[in-house]
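Undergrad: What follows is the file my_file08.pdb, containing PDB, C-alpha atoms, pLDDT in the B column:
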```pdb
ATOM      1  CA  MET K   1     -42.935  32.900  48.542  1.00 35.00           C
ATOM      2  CA  ALA K   2     -39.633  34.660  49.256  1.00 34.00           C
ATOM      3  CA  ARG K   3     -39.064  32.423  52.283  1.00 34.00           C
ATOM      4  CA  PHE K   4     -39.753  29.330  50.146  1.00 31.00           C
ATOM      5  CA  SER K   5     -37.300  30.571  47.504  1.00 33.00           C
ATOM      6  CA  ARG K   6     -34.575  31.041  50.115  1.00 32.00           C
ATOM      7  CA  TRP K   7     -35.189  27.489  51.321  1.00 34.00           C
ATOM      8  CA  ILE K   8     -34.784  26.158  47.754  1.00 34.00           C
ATOM      9  CA  GLN K   9     -31.567  28.173  47.284  1.00 35.00           C
ATOM     10  CA  ALA K  10     -30.154  26.840  50.551  1.00 36.00           C
ATOM     11  CA  ALA K  11     -31.035  23.276  49.602  1.00 36.00           C
ATOM     12  CA  LEU K  12     -29.331  23.599  46.212  1.00 33.00           C
ATOM     13  CA  LEU K  13     -26.248  25.119  47.838  1.00 34.00           C
ATOM     14  CA  SER K  14     -26.121  22.245  50.320  1.00 37.00           C
ATOM     15  CA  VAL K  15     -26.208  19.689  47.530  1.00 35.00           C
ATOM     16  CA  GLY K  16     -23.404  21.495  45.730  1.00 38.00           C
ATOM     17  CA  LEU K  17     -21.221  21.490  48.847  1.00 39.00           C
ATOM     18  CA  GLY K  18     -21.884  17.884  49.775  1.00 48.00           C
ATOM     19  CA  VAL K  19     -23.820  18.924  52.863  1.00 56.00           C
ATOM     20  CA  SER K  20     -26.318  16.607  54.543  1.00 61.00           C
ATOM     21  CA  ALA K  21     -28.673  18.411  56.884  1.00 62.00           C
ATOM     22  CA  GLY K  22     -31.112  17.036  59.418  1.00 57.00           C
ATOM     23  CA  ALA K  23     -34.298  18.906  60.276  1.00 48.00           C
ATOM     24  CA  VAL K  24     -34.333  20.894  63.497  1.00 49.00           C
ATOM     25  CA  GLN K  25     -36.088  18.659  65.998  1.00 49.00           C
ATOM     26  CA  ALA K  26     -37.622  20.078  69.162  1.00 59.00           C
ATOM     27  CA  GLY K  27     -37.291  17.340  71.760  1.00 66.00           C
ATOM     28  CA  GLY K  28     -37.039  14.909  68.891  1.00 83.00           C
ATOM     29  CA  PRO K  29     -37.879  11.203  68.784  1.00 96.00           C
ATOM     30  CA  VAL K  30     -38.078   9.184  71.988  1.00 97.00           C
ATOM     31  CA  VAL K  31     -34.833   7.279  72.618  1.00 98.00           C
ATOM     32  CA  VAL K  32     -35.197   3.591  73.506  1.00 98.00           C
ATOM     33  CA  GLU K  33     -32.060   1.719  74.582  1.00 98.00           C
ATOM     34  CA  LEU K  34     -32.193  -2.073  74.512  1.00 99.00           C
ATOM     35  CA  TYR K  35     -29.567  -3.911  76.554  1.00 98.00           C
ATOM     36  CA  THR K  36     -29.218  -7.340  75.006  1.00 98.00           C
ATOM     37  CA  SER K  37     -26.833 -10.195  74.229  1.00 98.00           C
ATOM     38  CA  GLN K  38     -26.468 -12.920  71.630  1.00 98.00           C
ATOM     39  CA  GLY K  39     -25.887 -15.327  74.528  1.00 97.00           C
ATOM     40  CA  CYS K  40     -29.150 -14.531  76.326  1.00 97.00           C
ATOM     41  CA  SER K  41     -31.978 -17.005  75.679  1.00 97.00           C
ATOM     42  CA  SER K  42     -34.674 -14.522  76.744  1.00 98.00           C
ATOM     43  CA  CYS K  43     -33.402 -11.741  74.461  1.00 98.00           C
ATOM     44  CA  PRO K  44     -34.575 -12.793  70.955  1.00 98.00           C
ATOM     45  CA  PRO K  45     -38.198 -11.620  71.480  1.00 98.00           C
ATOM     46  CA  ALA K  46     -36.942  -8.177  72.544  1.00 98.00           C
ATOM     47  CA  ASP K  47     -34.478  -8.083  69.630  1.00 98.00           C
ATOM     48  CA  ALA K  48     -37.313  -8.952  67.231  1.00 98.00           C
ATOM     49  CA  PHE K  49     -39.623  -6.312  68.742  1.00 98.00           C
ATOM     50  CA  LEU K  50     -36.949  -3.674  68.266  1.00 98.00           C
ATOM     51  CA  ALA K  51     -36.169  -4.786  64.696  1.00 98.00           C
ATOM     52  CA  LYS K  52     -39.721  -5.292  63.435  1.00 98.00           C
ATOM     53  CA  GLU K  53     -41.455  -2.388  65.155  1.00 98.00           C
ATOM     54  CA  LEU K  54     -39.397   0.178  67.047  1.00 98.00           C
ATOM     55  CA  ALA K  55     -36.610   0.559  64.477  1.00 98.00           C
ATOM     56  CA  LYS K  56     -39.207   1.396  61.815  1.00 97.00           C
ATOM     57  CA  ARG K  57     -40.850   4.231  63.740  1.00 97.00           C
ATOM     58  CA  ASP K  58     -39.928   7.811  62.873  1.00 96.00           C
ATOM     59  CA  ASP K  59     -40.918   8.994  66.357  1.00 96.00           C
ATOM     60  CA  VAL K  60     -38.517   6.574  68.060  1.00 98.00           C
ATOM     61  CA  ILE K  61     -34.743   6.192  68.016  1.00 98.00           C
ATOM     62  CA  ALA K  62     -34.235   2.540  68.930  1.00 98.00           C
ATOM     63  CA  LEU K  63     -30.693   1.533  69.859  1.00 98.00           C
ATOM     64  CA  ALA K  64     -29.432  -1.976  70.649  1.00 98.00           C
ATOM     65  CA  LEU K  65     -26.499  -2.018  73.058  1.00 98.00           C
ATOM     66  CA  HIS K  66     -24.958  -5.470  73.355  1.00 98.00           C
ATOM     67  CA  VAL K  67     -23.435  -6.226  76.755  1.00 98.00           C
ATOM     68  CA  ASP K  68     -20.580  -8.600  77.547  1.00 98.00           C
ATOM     69  CA  TYR K  69     -21.574 -10.178  80.861  1.00 97.00           C
ATOM     70  CA  TRP K  70     -23.152 -13.279  79.264  1.00 97.00           C
ATOM     71  CA  ASP K  71     -20.114 -14.093  77.116  1.00 97.00           C
ATOM     72  CA  TYR K  72     -18.857 -16.605  79.694  1.00 95.00           C
ATOM     73  CA  ILE K  73     -21.780 -19.024  79.231  1.00 94.00           C
ATOM     74  CA  GLY K  74     -20.623 -20.408  75.880  1.00 93.00           C
ATOM     75  CA  TRP K  75     -20.999 -17.786  73.165  1.00 96.00           C
ATOM     76  CA  LYS K  76     -19.096 -14.509  72.792  1.00 97.00           C
ATOM     77  CA  ASP K  77     -21.237 -11.693  71.436  1.00 98.00           C
ATOM     78  CA  ASP K  78     -19.193  -9.972  68.718  1.00 98.00           C
ATOM     79  CA  PHE K  79     -21.298  -6.806  69.049  1.00 98.00           C
ATOM     80  CA  ALA K  80     -20.698  -6.521  72.790  1.00 98.00           C
ATOM     81  CA  ASP K  81     -18.699  -3.714  74.360  1.00 98.00           C
ATOM     82  CA  PRO K  82     -17.837  -3.358  78.074  1.00 98.00           C
ATOM     83  CA  ALA K  83     -18.683   0.338  77.726  1.00 98.00           C
ATOM     84  CA  TYR K  84     -22.325  -0.561  77.122  1.00 98.00           C
ATOM     85  CA  THR K  85     -22.332  -2.744  80.231  1.00 98.00           C
ATOM     86  CA  ASP K  86     -20.911   0.231  82.150  1.00 98.00           C
ATOM     87  CA  ARG K  87     -23.658   2.468  80.755  1.00 98.00           C
ATOM     88  CA  GLN K  88     -26.329   0.035  81.913  1.00 98.00           C
ATOM     89  CA  ARG K  89     -24.711  -0.139  85.360  1.00 98.00           C
ATOM     90  CA  GLY K  90     -24.752   3.663  85.470  1.00 98.00           C
ATOM     91  CA  TYR K  91     -28.495   3.658  84.896  1.00 98.00           C
ATOM     92  CA  ALA K  92     -28.918   1.066  87.654  1.00 98.00           C
ATOM     93  CA  ARG K  93     -26.961   3.211  90.113  1.00 97.00           C
ATOM     94  CA  ALA K  94     -28.956   6.306  89.175  1.00 97.00           C
ATOM     95  CA  ALA K  95     -32.190   4.391  89.812  1.00 96.00           C
ATOM     96  CA  GLY K  96     -30.978   2.877  93.081  1.00 96.00           C
ATOM     97  CA  GLN K  97     -31.011  -0.643  91.637  1.00 95.00           C
ATOM     98  CA  ARG K  98     -28.434  -3.260  92.612  1.00 92.00           C
ATOM     99  CA  THR K  99     -28.617  -5.551  89.589  1.00 95.00           C
ATOM    100  CA  ILE K 100     -28.692  -5.369  85.790  1.00 97.00           C
ATOM    101  CA  TYR K 101     -30.298  -7.792  83.382  1.00 98.00           C
ATOM    102  CA  THR K 102     -31.137  -8.538  79.765  1.00 98.00           C
ATOM    103  CA  PRO K 103     -33.291  -7.810  77.907  1.00 98.00           C
ATOM    104  CA  GLN K 104     -33.828  -4.398  79.454  1.00 98.00           C
ATOM    105  CA  MET K 105     -35.142  -1.307  77.711  1.00 98.00           C
ATOM    106  CA  ILE K 106     -34.591   2.196  79.056  1.00 98.00           C
ATOM    107  CA  ILE K 107     -36.905   4.830  77.607  1.00 98.00           C
ATOM    108  CA  GLY K 108     -35.895   8.459  77.526  1.00 97.00           C
ATOM    109  CA  GLY K 109     -33.108   7.780  80.008  1.00 98.00           C
ATOM    110  CA  LEU K 110     -35.655   7.436  82.814  1.00 97.00           C
ATOM    111  CA  ASP K 111     -38.026   4.492  82.623  1.00 97.00           C
ATOM    112  CA  HIS K 112     -36.790   0.896  82.942  1.00 98.00           C
ATOM    113  CA  VAL K 113     -38.805  -2.014  81.573  1.00 98.00           C
ATOM    114  CA  ILE K 114     -38.322  -5.617  80.476  1.00 98.00           C
ATOM    115  CA  GLY K 115     -37.583  -5.393  76.758  1.00 97.00           C
ATOM    116  CA  SER K 116     -39.864  -8.279  75.837  1.00 97.00           C
ATOM    117  CA  HIS K 117     -42.956  -6.498  77.225  1.00 97.00           C
ATOM    118  CA  PRO K 118     -44.118  -4.475  74.176  1.00 98.00           C
ATOM    119  CA  ARG K 119     -47.243  -3.056  75.808  1.00 98.00           C
ATOM    120  CA  GLU K 120     -45.307  -1.468  78.656  1.00 98.00           C
ATOM    121  CA  VAL K 121     -42.603  -0.189  76.313  1.00 98.00           C
ATOM    122  CA  LYS K 122     -45.215   1.475  74.087  1.00 98.00           C
ATOM    123  CA  GLN K 123     -46.912   3.043  77.097  1.00 98.00           C
ATOM    124  CA  PHE K 124     -43.641   4.614  78.228  1.00 97.00           C
ATOM    125  CA  ILE K 125     -42.882   5.820  74.694  1.00 97.00           C
ATOM    126  CA  GLY K 126     -46.292   7.489  74.600  1.00 96.00           C
ATOM    127  CA  LYS K 127     -45.681   9.106  77.977  1.00 96.00           C
ATOM    128  CA  HIS K 128     -42.388  10.602  76.831  1.00 96.00           C
ATOM    129  CA  ALA K 129     -43.843  11.744  73.507  1.00 95.00           C
ATOM    130  CA  GLU K 130     -46.625  13.619  75.314  1.00 93.00           C
ATOM    131  CA  ALA K 131     -44.073  15.317  77.561  1.00 90.00           C
ATOM    132  CA  ALA K 132     -41.953  16.553  74.628  1.00 84.00           C
ATOM    133  CA  ASN K 133     -40.104  19.797  75.316  1.00 90.00           C
ATOM    134  CA  ASP K 134     -38.738  22.572  73.113  1.00 92.00           C
ATOM    135  CA  VAL K 135     -35.003  21.839  73.327  1.00 95.00           C
ATOM    136  CA  ALA K 136     -33.938  21.840  69.665  1.00 94.00           C
ATOM    137  CA  VAL K 137     -31.175  19.810  68.023  1.00 96.00           C
ATOM    138  CA  SER K 138     -30.027  20.471  64.453  1.00 96.00           C
ATOM    139  CA  LEU K 139     -27.480  18.285  62.648  1.00 97.00           C
ATOM    140  CA  THR K 140     -25.528  19.241  59.548  1.00 97.00           C
ATOM    141  CA  ARG K 141     -22.860  17.045  57.978  1.00 97.00           C
ATOM    142  CA  THR K 142     -20.257  18.366  55.561  1.00 97.00           C
ATOM    143  CA  GLY K 143     -17.979  15.567  54.449  1.00 97.00           C
ATOM    144  CA  ASP K 144     -16.587  14.004  57.615  1.00 97.00           C
ATOM    145  CA  VAL K 145     -17.518  16.926  59.867  1.00 98.00           C
ATOM    146  CA  LEU K 146     -20.763  16.975  61.822  1.00 98.00           C
ATOM    147  CA  GLU K 147     -22.072  20.263  63.196  1.00 98.00           C
ATOM    148  CA  ILE K 148     -24.432  19.982  66.146  1.00 98.00           C
ATOM    149  CA  SER K 149     -26.502  23.082  66.925  1.00 97.00           C
ATOM    150  CA  LEU K 150     -28.432  23.225  70.201  1.00 97.00           C
ATOM    151  CA  ASP K 151     -31.155  25.591  71.396  1.00 96.00           C
ATOM    152  CA  PRO K 152     -32.202  25.272  75.076  1.00 95.00           C
ATOM    153  CA  GLY K 153     -35.743  26.492  74.591  1.00 93.00           C
ATOM    154  CA  THR K 154     -37.544  26.936  77.883  1.00 91.00           C
ATOM    155  CA  VAL K 155     -36.400  23.768  79.649  1.00 89.00           C
ATOM    156  CA  LYS K 156     -35.065  24.147  83.181  1.00 86.00           C
ATOM    157  CA  ARG K 157     -31.317  24.725  82.968  1.00 91.00           C
ATOM    158  CA  SER K 158     -28.976  21.980  84.099  1.00 93.00           C
ATOM    159  CA  ARG K 159     -25.707  20.385  83.055  1.00 96.00           C
ATOM    160  CA  MET K 160     -26.118  18.217  79.964  1.00 97.00           C
ATOM    161  CA  SER K 161     -23.964  15.595  78.279  1.00 98.00           C
ATOM    162  CA  VAL K 162     -23.986  15.783  74.473  1.00 98.00           C
ATOM    163  CA  GLN K 163     -23.404  12.329  72.995  1.00 98.00           C
ATOM    164  CA  LEU K 164     -22.777  10.968  69.510  1.00 98.00           C
ATOM    165  CA  VAL K 165     -23.970   7.480  68.559  1.00 98.00           C
ATOM    166  CA  ARG K 166     -23.392   5.407  65.418  1.00 98.00           C
ATOM    167  CA  TYR K 167     -25.188   2.179  64.636  1.00 98.00           C
ATOM    168  CA  MET K 168     -25.359  -0.678  62.143  1.00 98.00           C
ATOM    169  CA  PRO K 169     -28.924  -0.820  60.751  1.00 98.00           C
ATOM    170  CA  ARG K 170     -29.104  -4.598  60.268  1.00 98.00           C
ATOM    171  CA  ALA K 171     -27.123  -7.794  60.875  1.00 98.00           C
ATOM    172  CA  THR K 172     -27.698 -11.546  61.138  1.00 98.00           C
ATOM    173  CA  ARG K 173     -25.779 -14.037  63.247  1.00 98.00           C
ATOM    174  CA  ASP K 174     -25.762 -17.838  63.309  1.00 98.00           C
ATOM    175  CA  ILE K 175     -25.294 -18.788  66.941  1.00 97.00           C
ATOM    176  CA  LYS K 176     -23.187 -21.930  67.303  1.00 97.00           C
ATOM    177  CA  ARG K 177     -22.975 -22.376  71.061  1.00 96.00           C
ATOM    178  CA  GLY K 178     -24.536 -21.257  74.320  1.00 95.00           C
ATOM    179  CA  GLU K 179     -28.205 -20.769  75.193  1.00 95.00           C
ATOM    180  CA  ASN K 180     -29.197 -19.800  71.635  1.00 97.00           C
ATOM    181  CA  ALA K 181     -27.173 -22.522  69.885  1.00 97.00           C
ATOM    182  CA  GLY K 182     -28.530 -23.454  66.472  1.00 97.00           C
ATOM    183  CA  ARG K 183     -30.541 -20.262  65.999  1.00 97.00           C
ATOM    184  CA  GLU K 184     -30.218 -17.623  63.307  1.00 98.00           C
ATOM    185  CA  LEU K 185     -30.846 -14.282  64.991  1.00 98.00           C
ATOM    186  CA  HIS K 186     -31.637 -10.990  63.295  1.00 97.00           C
ATOM    187  CA  TYR K 187     -30.604  -7.692  64.845  1.00 98.00           C
ATOM    188  CA  ALA K 188     -31.295  -4.034  64.097  1.00 98.00           C
ATOM    189  CA  ASN K 189     -29.770  -0.697  65.069  1.00 98.00           C
ATOM    190  CA  ILE K 190     -26.719  -2.291  66.686  1.00 98.00           C
ATOM    191  CA  VAL K 191     -24.678   0.427  68.378  1.00 98.00           C
ATOM    192  CA  THR K 192     -21.071   0.448  67.162  1.00 98.00           C
ATOM    193  CA  GLU K 193     -19.882   3.691  68.735  1.00 98.00           C
ATOM    194  CA  TRP K 194     -20.985   5.893  71.636  1.00 98.00           C
ATOM    195  CA  LEU K 195     -18.955   9.014  72.293  1.00 97.00           C
ATOM    196  CA  ARG K 196     -19.264  12.003  74.559  1.00 98.00           C
ATOM    197  CA  VAL K 197     -18.948  15.168  72.469  1.00 98.00           C
ATOM    198  CA  GLY K 198     -19.004  17.650  75.322  1.00 97.00           C
ATOM    199  CA  THR K 199     -21.068  19.290  78.048  1.00 98.00           C
ATOM    200  CA  TRP K 200     -23.656  22.048  77.791  1.00 98.00           C
ATOM    201  CA  ASN K 201     -24.957  24.273  80.575  1.00 96.00           C
ATOM    202  CA  MET K 202     -28.051  25.295  78.552  1.00 96.00           C
ATOM    203  CA  ARG K 203     -27.583  28.987  79.324  1.00 95.00           C
ATOM    204  CA  SER K 204     -27.497  29.822  75.622  1.00 96.00           C
ATOM    205  CA  ASP K 205     -27.367  28.286  72.165  1.00 97.00           C
ATOM    206  CA  LYS K 206     -24.371  26.037  71.614  1.00 97.00           C
ATOM    207  CA  THR K 207     -22.594  24.490  68.630  1.00 98.00           C
ATOM    208  CA  PHE K 208     -20.323  21.450  68.670  1.00 98.00           C
ATOM    209  CA  LYS K 209     -18.351  19.837  65.881  1.00 98.00           C
ATOM    210  CA  ALA K 210     -17.359  16.186  65.643  1.00 98.00           C
ATOM    211  CA  ASN K 211     -15.557  14.020  63.117  1.00 97.00           C
ATOM    212  CA  VAL K 212     -17.724  11.335  61.526  1.00 97.00           C
ATOM    213  CA  GLU K 213     -16.678   8.783  58.934  1.00 96.00           C
ATOM    214  CA  GLY K 214     -18.535   6.162  56.947  1.00 96.00           C
ATOM    215  CA  ASP K 215     -22.199   5.887  56.109  1.00 96.00           C
ATOM    216  CA  GLN K 216     -23.674   4.532  59.326  1.00 98.00           C
ATOM    217  CA  PRO K 217     -26.593   6.596  60.665  1.00 98.00           C
ATOM    218  CA  ILE K 218     -25.759   9.303  63.182  1.00 98.00           C
ATOM    219  CA  VAL K 219     -27.639  10.005  66.399  1.00 98.00           C
ATOM    220  CA  VAL K 220     -27.002  12.886  68.776  1.00 98.00           C
ATOM    221  CA  LEU K 221     -28.668  12.960  72.156  1.00 97.00           C
ATOM    222  CA  VAL K 222     -28.689  15.477  74.974  1.00 97.00           C
ATOM    223  CA  GLN K 223     -28.885  13.870  78.409  1.00 97.00           C
ATOM    224  CA  ARG K 224     -28.834  15.176  81.941  1.00 97.00           C
ATOM    225  CA  GLU K 225     -25.538  14.345  83.610  1.00 97.00           C
ATOM    226  CA  GLY K 226     -25.475  11.262  85.796  1.00 95.00           C
ATOM    227  CA  HIS K 227     -27.527   8.975  83.521  1.00 97.00           C
ATOM    228  CA  GLY K 228     -30.571  11.206  83.732  1.00 96.00           C
ATOM    229  CA  GLN K 229     -33.351  12.164  81.354  1.00 96.00           C
ATOM    230  CA  ILE K 230     -32.649  12.400  77.634  1.00 97.00           C
ATOM    231  CA  VAL K 231     -34.161  15.815  76.902  1.00 95.00           C
ATOM    232  CA  ALA K 232     -33.539  15.876  73.145  1.00 95.00           C
ATOM    233  CA  ALA K 233     -32.310  13.698  70.305  1.00 96.00           C
ATOM    234  CA  ALA K 234     -31.906  13.841  66.546  1.00 97.00           C
ATOM    235  CA  ARG K 235     -30.948  11.390  63.824  1.00 97.00           C
ATOM    236  CA  LEU K 236     -29.167  11.836  60.494  1.00 96.00           C
ATOM    237  CA  ASN K 237     -29.308   8.857  58.142  1.00 91.00           C
TER     238      ASN K 237
END
```
Once you've parsed the file, please lay out its structure as structure tokens.
TA:
Amino acid sequence: MARFSRWIQAALLSVGLGVSAGAVQAGGPVVVELYTSQGCSSCPPADAFLAKELAKRDDVIALALHVDYWDYIGWKDDFADPAYTDRQRGYARAAGQRTIYTPQMIIGGLDHVIGSHPREVKQFIGKHAEAANDVAVSLTRTGDVLEISLDPGTVKRSRMSVQLVRYMPRATRDIKRGENAGRELHYANIVTEWLRVGTWNMRSDKTFKANVEGDQPIVVLVQREGHGQIVAAARLN
């Protein structure tokens, strides 16, 4: 009862200070990155799968990263960022692949699959969920300051990249030209910002702080350097 009372007191104090706290998540949801483009005729089924299913799951953090390499074929994707193309290329290099494509989903930073193949995507999500580890991420927001608290648990120590992601939950676009001309396309969890907060050697607990503005959801992920495994992630809506 005393522990419950302390929790209530802390919650009331947080409300009074304008603090928004995310639960401590060991391992956390499985991160699914979709590489897509408004100019790609084969992408709408993957976009719809992400929007209608993956984005609604609490055990998944689904992120749509729009790439720019299809802009030349008639329609410029206004969500696209060359940085997301570079991230996809980094994954390809890490996997020993020579080409990149859309729609591609990368699950947990490790497994690559065609984004319009839901059965395979779900199988990989299940595999990563079963292999969840005890690295813990806790997020607390006070005004425009985000505090990220990390606990390494028992995971094998290695150099990690701590990354901050913001995304737009929903958007619709009327495509006027290119392969999808005449279509109204609906998108979800469109990444608008992807920043590196710092590095972590996992030898002890670590706390980072980052400036955050606006009301877009916040995601923090911990990933092995060199486009490796995402060992932990947390979300703050």
Undergrad: To one decimal in Å, tell me the separation between CA of Glu147 (chain K) and CA of Ala55 (chain K).
TA: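 Computed distance, CA of Glu147 (chain K) to CA of Ala55 (chain K), equals 24.5 Å.
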Undergrad: For Val191 (chain K), which residue among K:Met105, K:Leu34, K:Leu236, K:Leu139 is the nearest when counting only C-alpha atoms?
TA: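 Nearest to Val191 (chain K): K:Leu34.
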Undergrad: Quick one: distance from CA of Leu54 (chain K) to CA of Asp77 (chain K) in Å, one decimal?
TA: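 Taking CA of Leu54 (chain K) as the start and CA of Asp77 (chain K) as the end point, the length is 22.1 Å.
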Undergrad: Taking into account only C-alpha atoms, which residue in the set K:Pro82, K:Gly39, K:Pro152, K:Gly126 is nearest to Pro103 (chain K)?
TA: K:Gly39
Undergrad: Let me make sure I understand: among K:Leu65, K:Arg235, K:Arg119, K:Gly228, which one has the smallest atom-to-atom distance to Ala92 (chain K) if we use only C-alpha atoms?
TA: K:Gly228
Undergrad: Identify which of the residues K:Val165, K:Ala188, K:Ile100, K:Val67 lies closest to Cys40 (chain K), counting all atoms listed in the file when measuring atom-to-atom distances.
TA: K:Val67
Undergrad: Could you list, as JSON, numbers by chain, every residue matched by the PyMOL selection byres ((chain K and resi 176) around 12) in this structure?
TA: {"K": [38, 39, 74, 75, 76, 77, 173, 174, 175, 177, 178, 179, 180, 181, 182, 183, 184, 185]}
Undergrad: If I take CA of Ile148 (chain K) and CA of Ala94 (chain K), how far is one from the other in Å, to one decimal?
TA: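 CA of Ile148 (chain K) sits 27.2 Å away from CA of Ala94 (chain K).
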Undergrad: Using only C-alpha atoms, find the one residue out of K:Leu110, K:Val32, K:Cys43, K:Leu50 that sits nearest to Arg224 (chain K).
TA: K:Leu110
Undergrad: May I ask which of the residues K:Thr192, K:Thr142, K:Thr99, K:Ser116 is the closest one to Thr36 (chain K), counting all atoms listed in the file?
TA: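 So, comparing all the options, the nearest one is K:Ser116.
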Undergrad: Applied to the shown file, which residues does the PyMOL selection byres ((chain K and resi 227) around 12) return, written as a ChimeraX atom specification?
TA: /K:86-96,106-111,159-163,222-226,228-231
Undergrad: Could you tell me which residues the PyMOL selection byres ((chain K and resi 216) around 7) returns for this structure, as a PDB file with C-alpha atoms, in the coordinates of the input?
TA:
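See out-v4.pdb below for the written result:
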```pdb
ATOM      1  CA  ARG K 166     -23.392   5.407  65.418  1.00 98.00           C
ATOM      2  CA  TYR K 167     -25.188   2.179  64.636  1.00 98.00           C
ATOM      3  CA  MET K 168     -25.359  -0.678  62.143  1.00 98.00           C
ATOM      4  CA  GLY K 214     -18.535   6.162  56.947  1.00 96.00           C
ATOM      5  CA  ASP K 215     -22.199   5.887  56.109  1.00 96.00           C
ATOM      6  CA  PRO K 217     -26.593   6.596  60.665  1.00 98.00           C
ATOM      7  CA  ILE K 218     -25.759   9.303  63.182  1.00 98.00           C
TER       8      ILE K 218
END
```
Undergrad: Give as a VMD selection string every residue, naming chains and numbers as the document does, that has an atom within 6 Å of (-27.6, 2.0, 74.7), counting only C-alpha atoms.
TA: chain K and resid 33 63 to 65
